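A short worksheet on the structure shown next.
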Amino acid sequence: MLEAVIDPELHSSIVELGMVRDVGVDEDGLVSVEIALTIASCPLRGQIEGDVESRVRGLPGVTGVEIRTSAMTAQERASLMARARKQAAERAPETQIPLTTRILAVASGKGGVGKSSVTVNLAAAMAARGHTVGVLDADIWGFSVPRMLGVTGRLGGSDGKIHPNEVEVPSLRPGGSPGLLKIVSMGFLVEDEGMALMWRGLVLAKAVEQFLTDVRWGDLDYLLIDMPPGTGDIQMALSRLLPRAELLVVTTPALAAQKVAVRVADMARRSYLKVAGVVENMSAFTCDHGQSYALFGTGGGQALASEVGAPLLAEIPLEPGVAAGGDTGSPLALAEPQSAAGQAFHLLAHRLATEIMPPVEMAGCTARIFAAANANLAALDAAKAGGSPPGTGEA
Ligand SMILES: Nc1ncnc2c1ncn2[C@@H]1O[C@H](COP(=O)(O)OP(=O)(O)OP(=O)(O)O)[C@@H](O)[C@H]1O
Ligand SMILES: [Mg+2]
């Protein structure tokens, strides 16, 4: 009966999720159930308890139901998240994003902390390393990627699919091969920003879904997603459509980010997305005389990183060039790579590409496993058709 009790946030049965700790039945027909909640203060506690109670009470011979709740240990929670993520991946609809693409959603608990600035500069820095980088502007209302990357023009299309706008990015290393940015934004589809404002909730989530299913992205090493502020519909849609996406959480250095930290941690929990790392943006400003001013405080990035249990990957200084580059459509990471903020963006790209989420090399072992699996499947087919026995392939 408990298989039918679904955790409303994780969309899986509480049994499958390992949340049922203990079930006991005494001689008088009194049933006791112990449920382990992801967090003690789980807002859905009442609903889960009510569901358990009504399911069990309906069974013949049951005279009463006693429910005890407890909170999961960090280890139990981690394994629940892994299970939920796996189930979500199995249920996820098909998208046009290649399986080898590493996906990073740039998110924050609140608006205006620099998500879009980090997305475009990081995308530019990664492309300058020779990667093919998709940029999905998931901020349907407040799209800013086209302006920040200086890209205009309608999205083209053929064969029933939309094609992203492409920009070649020269390598910053002499003789290095150029990279490519593939950009999709609501800004390429509507006449003006006012029109996008008329869109609402579900329609927004649907637009993001279309960007993932109806855009012919082609080859992509990375897909960076510029998220709208907050933790609403689009965030939840993304976790359903791309459960393998990881979060890059942006925060300002203000220590009062604690409240925001809780919101982001909560979003990661509800959407069971992994947090790949934290970026502190608008860190100390250094003037021309070398004096450093922590205008927005210090320590916020590290505090958030500790809170969500992910590494602090970069501290991007407050620098007028970041804002100017965004306004003129010429990202600082490309226009002034030697500036302090420019270097910080390149260091972030370097850490991601070499340490945190290296690109998936198709020439590496994955490709060999695919080849071996295909060989064995072919052998199996041949055997079924009366040919040679299976299992003669490499693997
Ligand atoms: N490191 C920085 N130095 C100077 N200005 C910055 C820096 N980072 C961002 N800005 C400026 O701060 C403003 C907000 O940044 P941005 O639009 O990237 O934030 P956002 O989190 O995407 O906002 P929203 O939540 O509205 O989408 C912009 O004007 C941007 O140019
Ligand atoms: Mg933004």
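Simple scheme: letters A, B, ... for chains in structure tokens order, numbers from 1 for residues in each chain, numbers from 1 for ligands in the order shown.
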Return as a tab-separated table the residues of chain A lying at most 9 Å from ligand 2, together with the closest atom-to-atom pair for each and the distance in Å to one decimal, counting only C-alpha atoms and all ligand atoms, with rows in chain order and ascending residue number.
```
residue	atom	partner	partner_atom_place_in_ligand_line	distance
A:Gly111	CA	ligand 2	1 (Mg)	7.3
A:Gly112	CA	ligand 2	1 (Mg)	6.7
A:Val113	CA	ligand 2	1 (Mg)	8.3
A:Gly114	CA	ligand 2	1 (Mg)	6.6
A:Lys115	CA	ligand 2	1 (Mg)	5.3
A:Ser116	CA	ligand 2	1 (Mg)	4.1
A:Ser117	CA	ligand 2	1 (Mg)	7.3
A:Thr119	CA	ligand 2	1 (Mg)	8.7
A:Asp137	CA	ligand 2	1 (Mg)	8.6
A:Asp139	CA	ligand 2	1 (Mg)	6.7
A:Gly142	CA	ligand 2	1 (Mg)	6.8
A:Phe143	CA	ligand 2	1 (Mg)	6.7
A:Ser144	CA	ligand 2	1 (Mg)	6.1
A:Val145	CA	ligand 2	1 (Mg)	7.8
A:Asp226	CA	ligand 2	1 (Mg)	6.7
A:Met227	CA	ligand 2	1 (Mg)	6.9
A:Pro228	CA	ligand 2	1 (Mg)	6.0
A:Pro229	CA	ligand 2	1 (Mg)	7.0
```
Those residues you just picked out, can you put them in a file as a PDB file, in the first residue's frame with C-alpha atoms?
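The result, written out as part_9.pdb:
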```pdb
ATOM      1  CA  GLY A 111      18.041  38.340  -8.869  1.00  0.00           C
ATOM      2  CA  GLY A 112      20.743  40.716 -10.005  1.00  0.00           C
ATOM      3  CA  VAL A 113      23.734  38.827  -8.625  1.00  0.00           C
ATOM      4  CA  GLY A 114      25.330  38.362 -12.046  1.00  0.00           C
ATOM      5  CA  LYS A 115      23.985  35.053 -13.416  1.00  0.00           C
ATOM      6  CA  SER A 116      23.787  36.362 -16.974  1.00  0.00           C
ATOM      7  CA  SER A 117      27.192  38.063 -16.769  1.00  0.00           C
ATOM      8  CA  THR A 119      26.960  32.748 -18.140  1.00  0.00           C
ATOM      9  CA  ASP A 137      18.785  31.861 -22.236  1.00  0.00           C
ATOM     10  CA  ASP A 139      15.163  33.727 -18.654  1.00  0.00           C
ATOM     11  CA  GLY A 142      14.021  39.007 -18.716  1.00  0.00           C
ATOM     12  CA  PHE A 143      16.264  37.670 -21.486  1.00  0.00           C
ATOM     13  CA  SER A 144      19.602  39.443 -21.638  1.00  0.00           C
ATOM     14  CA  VAL A 145      21.951  37.039 -23.403  1.00  0.00           C
ATOM     15  CA  ASP A 226      21.192  31.258 -17.924  1.00  0.00           C
ATOM     16  CA  MET A 227      18.412  30.772 -15.398  1.00  0.00           C
ATOM     17  CA  PRO A 228      15.840  33.346 -14.389  1.00  0.00           C
ATOM     18  CA  PRO A 229      16.163  34.558 -10.786  1.00  0.00           C
TER      19      PRO A 229
END
```
Using only C-alpha atoms, tabulate the residues of range 264-348 of chain A lying at most 10 Å from any atom of range 76-92 of chain A, each with its closest atom pair and that distance in Å to one decimal, by chain and increasing residue number, as a tab-separated table.
```
residue	atom	partner	partner_atom	distance
A:Ala268	CA	A:Met81	CA	9.9
A:Arg269	CA	A:Met81	CA	7.7
A:Arg270	CA	A:Met81	CA	9.5
A:Ser271	CA	A:Arg85	CA	8.8
A:Tyr272	CA	A:Met81	CA	5.9
A:Leu273	CA	A:Arg85	CA	7.4
A:Lys274	CA	A:Met81	CA	8.9
```
With a distance cut-off of 12 Å and only C-alpha atoms, select the neighbouring residues of Ser185 in chain A, excluding the residue or stretch itself and same-chain residues fewer than 3 positions from it, and output the selection as an MDAnalysis selection string.
-> chainID A and resid 134:149 151:155 162:165 182 188:190 193 196 207:208 210:212 215 225:227
Go ahead and save the picked residues with N, CA and C atoms, as a compact mmCIF listing (two decimals), in the first residue's frame.
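Generated file (out-v7.txt):
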```txt
# COMPACT_ATOMS: atom_id res chain seq x y z
N GLY A 134 26.91 25.66 -26.09
CA GLY A 134 25.55 26.14 -26.26
C GLY A 134 25.21 27.11 -25.13
N VAL A 135 24.50 28.18 -25.47
CA VAL A 135 24.03 29.10 -24.43
C VAL A 135 22.51 29.18 -24.56
N LEU A 136 21.83 28.66 -23.56
CA LEU A 136 20.37 28.70 -23.56
C LEU A 136 19.92 29.77 -22.57
N ASP A 137 19.29 30.80 -23.09
CA ASP A 137 18.78 31.86 -22.24
C ASP A 137 17.40 31.43 -21.74
N ALA A 138 17.38 30.83 -20.54
CA ALA A 138 16.11 30.31 -20.02
C ALA A 138 15.34 31.40 -19.26
N ASP A 139 15.88 32.62 -19.27
CA ASP A 139 15.16 33.73 -18.65
C ASP A 139 14.21 34.29 -19.72
N ILE A 140 13.06 33.64 -19.84
CA ILE A 140 12.15 33.94 -20.94
C ILE A 140 11.63 35.38 -20.85
N TRP A 141 11.32 35.80 -19.64
CA TRP A 141 10.84 37.17 -19.46
C TRP A 141 11.93 38.21 -19.61
N GLY A 142 13.00 37.96 -18.83
CA GLY A 142 14.02 39.01 -18.72
C GLY A 142 15.26 38.67 -19.50
N PHE A 143 15.09 38.12 -20.71
CA PHE A 143 16.26 37.67 -21.49
C PHE A 143 17.28 38.79 -21.64
N SER A 144 18.57 38.43 -21.48
CA SER A 144 19.60 39.44 -21.64
C SER A 144 20.79 38.93 -22.42
N VAL A 145 20.79 37.63 -22.73
CA VAL A 145 21.95 37.04 -23.40
C VAL A 145 22.23 37.65 -24.78
N PRO A 146 21.20 37.89 -25.63
CA PRO A 146 21.51 38.47 -26.95
C PRO A 146 22.26 39.79 -26.84
N ARG A 147 21.78 40.67 -25.96
CA ARG A 147 22.45 41.96 -25.81
C ARG A 147 23.86 41.78 -25.26
N MET A 148 24.01 40.92 -24.25
CA MET A 148 25.32 40.76 -23.62
C MET A 148 26.36 40.13 -24.54
N LEU A 149 25.88 39.29 -25.50
CA LEU A 149 26.84 38.68 -26.42
C LEU A 149 26.88 39.42 -27.74
N VAL A 151 24.60 39.62 -30.05
CA VAL A 151 24.06 38.81 -31.16
C VAL A 151 22.61 39.22 -31.43
N THR A 152 22.31 39.48 -32.68
CA THR A 152 20.93 39.83 -33.04
C THR A 152 20.49 38.92 -34.19
N GLY A 153 19.25 39.07 -34.58
CA GLY A 153 18.77 38.30 -35.73
C GLY A 153 17.84 37.19 -35.31
N ARG A 154 16.87 36.93 -36.19
CA ARG A 154 15.91 35.87 -35.92
C ARG A 154 16.59 34.51 -35.98
N LEU A 155 16.02 33.54 -35.24
CA LEU A 155 16.51 32.18 -35.33
C LEU A 155 16.08 31.59 -36.65
N ILE A 162 14.38 24.49 -35.15
CA ILE A 162 14.97 25.83 -35.06
C ILE A 162 16.49 25.68 -34.98
N HIS A 163 17.21 26.56 -35.65
CA HIS A 163 18.67 26.50 -35.56
C HIS A 163 19.18 27.65 -34.70
N PRO A 164 20.11 27.36 -33.79
CA PRO A 164 20.62 28.44 -32.93
C PRO A 164 21.43 29.45 -33.73
N ASN A 165 21.54 30.65 -33.19
CA ASN A 165 22.45 31.63 -33.78
C ASN A 165 23.88 31.27 -33.37
N LYS A 182 26.71 28.62 -29.61
CA LYS A 182 25.40 28.40 -30.25
C LYS A 182 24.35 28.94 -29.28
N PHE A 188 15.41 36.26 -29.56
CA PHE A 188 15.50 36.08 -31.02
C PHE A 188 14.13 35.79 -31.62
N LEU A 189 13.11 35.66 -30.76
CA LEU A 189 11.80 35.24 -31.27
C LEU A 189 10.72 36.30 -31.15
N VAL A 190 10.87 37.21 -30.20
CA VAL A 190 9.81 38.21 -30.02
C VAL A 190 10.27 39.57 -30.54
N GLU A 193 10.97 43.32 -25.75
CA GLU A 193 10.96 42.71 -24.43
C GLU A 193 9.57 42.74 -23.81
N ALA A 196 7.44 39.52 -24.42
CA ALA A 196 7.74 38.33 -23.61
C ALA A 196 7.09 38.44 -22.24
N ALA A 207 8.05 26.97 -23.20
CA ALA A 207 9.03 27.59 -24.09
C ALA A 207 10.41 26.97 -23.87
N VAL A 208 10.76 26.77 -22.60
CA VAL A 208 12.06 26.16 -22.31
C VAL A 208 12.11 24.74 -22.87
N GLN A 210 10.53 23.63 -25.42
CA GLN A 210 10.71 23.70 -26.87
C GLN A 210 12.14 24.01 -27.27
N PHE A 211 12.78 24.86 -26.46
CA PHE A 211 14.19 25.18 -26.74
C PHE A 211 15.06 23.93 -26.65
N LEU A 212 14.62 22.97 -25.85
CA LEU A 212 15.42 21.75 -25.67
C LEU A 212 15.05 20.66 -26.66
N VAL A 215 15.01 22.63 -30.94
CA VAL A 215 16.18 23.33 -31.48
C VAL A 215 17.21 22.28 -31.89
N ILE A 225 23.19 27.24 -19.20
CA ILE A 225 21.82 27.74 -19.17
C ILE A 225 21.73 28.92 -18.22
N ASP A 226 21.36 30.07 -18.76
CA ASP A 226 21.19 31.26 -17.92
C ASP A 226 19.78 31.21 -17.34
N MET A 227 19.71 30.96 -16.04
CA MET A 227 18.41 30.77 -15.40
C MET A 227 17.80 32.11 -14.98
```
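Counting only C-alpha atoms, range 70-73 of chain A has the following residues at most 10 Å away, ignoring those fewer than 3 positions along the same chain: Met19, Arg21, Glu34, Ile35, Ala36, Leu37, Thr38, Ile39, Ala40, Ser41, Cys42, Glu76, Arg77, Ala78 and Leu80 of chain A.
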Check the DSSP output for the backbone and give back, as JSON, numbers by chain, the residues of range 64-288 of chain A in helix (DSSP H, G or I).
-> {"A": [74, 75, 76, 77, 78, 79, 80, 81, 82, 83, 84, 85, 86, 87, 88, 89, 90, 91, 115, 116, 117, 118, 119, 120, 121, 122, 123, 124, 125, 126, 127, 128, 145, 146, 147, 148, 149, 186, 187, 188, 193, 194, 195, 196, 201, 202, 203, 204, 205, 206, 207, 208, 209, 210, 211, 212, 213, 233, 234, 235, 236, 237, 238, 239, 240, 241, 255, 256, 257, 258, 259, 260, 261, 262, 263, 264, 265, 266, 267, 268, 269, 270, 271]}
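Residues lying within 12 Å of Cys287 in chain A, counting only C-alpha atoms and ignoring same-chain neighbours fewer than 2 positions away, are Ala284, Phe285, His289, Gly290, Gln291, Ser292, Tyr293, Ala294, Leu295, Pro317, Leu318, Glu319, Pro320 and Ala340 of chain A.
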Give me a file of those residues, with N, CA and C atoms, as a compact mmCIF listing (two decimals), in the first residue's frame.
```txt
# COMPACT_ATOMS: atom_id res chain seq x y z
N ALA A 284 35.63 41.89 -4.03
CA ALA A 284 36.30 43.18 -3.81
C ALA A 284 36.73 43.90 -5.09
N PHE A 285 36.46 45.20 -5.13
CA PHE A 285 36.85 46.08 -6.24
C PHE A 285 38.24 46.64 -5.95
N HIS A 289 44.87 52.58 -8.02
CA HIS A 289 46.04 52.73 -7.13
C HIS A 289 46.35 51.44 -6.39
N GLY A 290 45.58 50.40 -6.67
CA GLY A 290 45.87 49.11 -6.05
C GLY A 290 45.15 48.88 -4.73
N GLN A 291 44.40 49.89 -4.30
CA GLN A 291 43.66 49.73 -3.05
C GLN A 291 42.42 48.86 -3.30
N SER A 292 42.17 47.92 -2.39
CA SER A 292 41.03 47.01 -2.57
C SER A 292 39.87 47.38 -1.65
N TYR A 293 38.67 47.40 -2.20
CA TYR A 293 37.48 47.74 -1.42
C TYR A 293 36.46 46.61 -1.51
N ALA A 294 36.12 46.04 -0.35
CA ALA A 294 35.11 44.97 -0.34
C ALA A 294 33.73 45.63 -0.25
N LEU A 295 33.27 46.18 -1.36
CA LEU A 295 32.04 46.99 -1.35
C LEU A 295 30.81 46.20 -0.91
N PRO A 317 35.90 39.66 -9.33
CA PRO A 317 35.86 40.99 -8.71
C PRO A 317 34.83 41.92 -9.36
N LEU A 318 34.38 42.87 -8.58
CA LEU A 318 33.53 43.93 -9.12
C LEU A 318 34.42 44.78 -10.01
N GLU A 319 34.02 44.95 -11.27
CA GLU A 319 34.87 45.67 -12.20
C GLU A 319 33.98 46.32 -13.26
N PRO A 320 34.15 47.62 -13.48
CA PRO A 320 33.25 48.30 -14.44
C PRO A 320 33.23 47.61 -15.80
N ALA A 340 41.46 41.80 -14.28
CA ALA A 340 41.32 40.89 -13.12
C ALA A 340 40.07 40.02 -13.27
```
Extract, using only C-alpha atoms, all DNA, RNA and protein residues at most 10 Å from Pro8 in chain A, discarding same-chain residues fewer than 3 positions from it, and format them as a PyMOL selection string.
-> chain A and resi 5+11-14+44+47-48+270
Keeping only C-alpha atoms, write the selected residues to a file as a compact mmCIF listing (two decimals), in the first residue's frame.
```
# COMPACT_ATOMS: atom_id res chain seq x y z
CA VAL A 5 2.30 7.04 -1.48
CA HIS A 11 7.57 12.32 -7.77
CA SER A 12 8.49 8.82 -6.65
CA SER A 13 7.02 6.33 -4.22
CA ILE A 14 8.24 6.70 -0.63
CA LEU A 44 5.08 18.20 3.00
CA GLN A 47 0.55 15.46 3.31
CA ILE A 48 2.79 12.38 3.37
CA ARG A 270 13.51 19.67 -4.67
```
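Closest to Gly29 in chain A among A:Pro43, A:Glu9, A:Leu59, A:Val264 is A:Leu59, based on only C-alpha atoms.
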To one decimal place, how far is CA of Val106 in chain A from CA of Leu204 in chain A in Å?
-> 17.6 Å
Within 6 Å of range 247-249 of chain A, counting only C-alpha atoms, which residues qualify if same-chain residues fewer than 5 places away don't, as number ranges by chain?
-> A: 104-108, 275-278
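The coordinates place CA of Ala125 in chain A at 12.1 Å from CA of Gln338 in chain A.
Shortest separation to Arg263 in chain A among A:Thr251, A:Gln302, A:Asn281, A:Ser177 occurs at residue A:Thr251, atoms counted being only C-alpha atoms.
Counting only C-alpha atoms, the residue from A:Ile97, A:Leu377, A:Leu30, A:Val279 that sits nearest to Ala310 in chain A is A:Val279.
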Enter the distance from CA of Glu168 in chain A to CA of Leu180 in chain A, in Å, rounded to one decimal.
-> 4.6 Å
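If only C-alpha atoms and all ligand atoms are the atoms counted, then among A:Pro98, A:Pro178, A:Pro253, A:Pro243 the closest residue to ligand 1 is A:Pro253.
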Run DSSP on the backbone and grab whatever in range 43-181 of chain A lands in strand (DSSP E); send it over as a PyMOL selection string.
-> chain A and resi 64-71+102-107+132-137+156-158+161-163+165-169+179-181
Please produce a file of those selected residues containing N, CA and C atoms, as a compact mmCIF listing (two decimals), in the first residue's frame.
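Produced file result_35.txt, reproduced below:
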```
# COMPACT_ATOMS: atom_id res chain seq x y z
N GLY A 64 -5.93 0.61 13.63
CA GLY A 64 -5.41 1.96 13.84
C GLY A 64 -4.06 2.11 13.17
N VAL A 65 -3.67 3.35 12.94
CA VAL A 65 -2.38 3.61 12.30
C VAL A 65 -1.61 4.62 13.14
N GLU A 66 -0.37 4.26 13.41
CA GLU A 66 0.47 5.18 14.17
C GLU A 66 1.67 5.52 13.29
N ILE A 67 1.87 6.82 13.07
CA ILE A 67 2.97 7.21 12.19
C ILE A 67 4.03 7.95 12.98
N ARG A 68 5.24 7.48 12.85
CA ARG A 68 6.35 8.20 13.46
C ARG A 68 7.21 8.76 12.34
N THR A 69 7.70 9.97 12.51
CA THR A 69 8.59 10.52 11.48
C THR A 69 9.94 10.83 12.10
N SER A 70 10.96 10.71 11.28
CA SER A 70 12.30 11.08 11.72
C SER A 70 13.00 11.70 10.53
N ALA A 71 14.15 12.30 10.77
CA ALA A 71 14.87 12.93 9.66
C ALA A 71 15.98 12.01 9.18
N ARG A 102 27.96 18.25 -21.52
CA ARG A 102 27.90 18.54 -20.08
C ARG A 102 27.07 19.80 -19.88
N ILE A 103 26.12 19.70 -18.96
CA ILE A 103 25.14 20.79 -18.83
C ILE A 103 25.30 21.49 -17.49
N LEU A 104 25.39 22.81 -17.56
CA LEU A 104 25.57 23.60 -16.35
C LEU A 104 24.51 24.70 -16.33
N ALA A 105 23.64 24.67 -15.34
CA ALA A 105 22.63 25.71 -15.21
C ALA A 105 23.13 26.75 -14.20
N VAL A 106 23.20 28.00 -14.65
CA VAL A 106 23.71 29.07 -13.78
C VAL A 106 22.52 29.67 -13.04
N ALA A 107 22.50 29.48 -11.72
CA ALA A 107 21.30 29.84 -10.95
C ALA A 107 21.68 30.66 -9.73
N THR A 132 32.82 23.78 -28.21
CA THR A 132 31.55 24.20 -28.76
C THR A 132 30.58 24.32 -27.60
N VAL A 133 30.09 25.54 -27.39
CA VAL A 133 29.32 25.83 -26.18
C VAL A 133 27.93 26.35 -26.53
N GLY A 134 26.91 25.66 -26.09
CA GLY A 134 25.55 26.14 -26.26
C GLY A 134 25.21 27.11 -25.13
N VAL A 135 24.50 28.18 -25.47
CA VAL A 135 24.03 29.10 -24.43
C VAL A 135 22.51 29.18 -24.56
N LEU A 136 21.83 28.66 -23.56
CA LEU A 136 20.37 28.70 -23.56
C LEU A 136 19.92 29.77 -22.57
N ASP A 137 19.29 30.80 -23.09
CA ASP A 137 18.78 31.86 -22.24
C ASP A 137 17.40 31.43 -21.74
N GLY A 156 17.01 30.97 -37.35
CA GLY A 156 16.67 30.33 -38.61
C GLY A 156 16.07 28.96 -38.35
N GLY A 157 15.60 28.32 -39.42
CA GLY A 157 15.07 26.98 -39.23
C GLY A 157 14.88 26.28 -40.54
N SER A 158 14.96 24.97 -40.47
CA SER A 158 14.62 24.13 -41.61
C SER A 158 14.31 22.77 -41.02
N LYS A 161 12.94 22.18 -37.50
CA LYS A 161 13.65 22.50 -36.27
C LYS A 161 14.19 23.92 -36.34
N ILE A 162 14.38 24.49 -35.15
CA ILE A 162 14.97 25.83 -35.06
C ILE A 162 16.49 25.68 -34.98
N HIS A 163 17.21 26.56 -35.65
CA HIS A 163 18.67 26.50 -35.56
C HIS A 163 19.18 27.65 -34.70
N ASN A 165 21.54 30.65 -33.19
CA ASN A 165 22.45 31.63 -33.78
C ASN A 165 23.88 31.27 -33.37
N GLU A 166 24.79 31.33 -34.33
CA GLU A 166 26.16 30.89 -34.02
C GLU A 166 27.18 32.03 -34.13
N VAL A 167 28.13 32.00 -33.23
CA VAL A 167 29.23 32.97 -33.27
C VAL A 167 30.53 32.22 -33.08
N GLU A 168 31.48 32.43 -33.99
CA GLU A 168 32.78 31.79 -33.82
C GLU A 168 33.63 32.62 -32.86
N VAL A 169 34.33 31.93 -31.97
CA VAL A 169 35.18 32.62 -30.99
C VAL A 169 36.62 32.22 -31.24
N GLY A 179 36.65 28.27 -31.15
CA GLY A 179 35.49 27.60 -30.58
C GLY A 179 34.22 28.20 -31.17
N LEU A 180 33.10 27.68 -30.71
CA LEU A 180 31.83 28.12 -31.29
C LEU A 180 30.79 28.31 -30.18
N LEU A 181 30.05 29.42 -30.28
CA LEU A 181 28.92 29.62 -29.38
C LEU A 181 27.64 29.38 -30.18
```
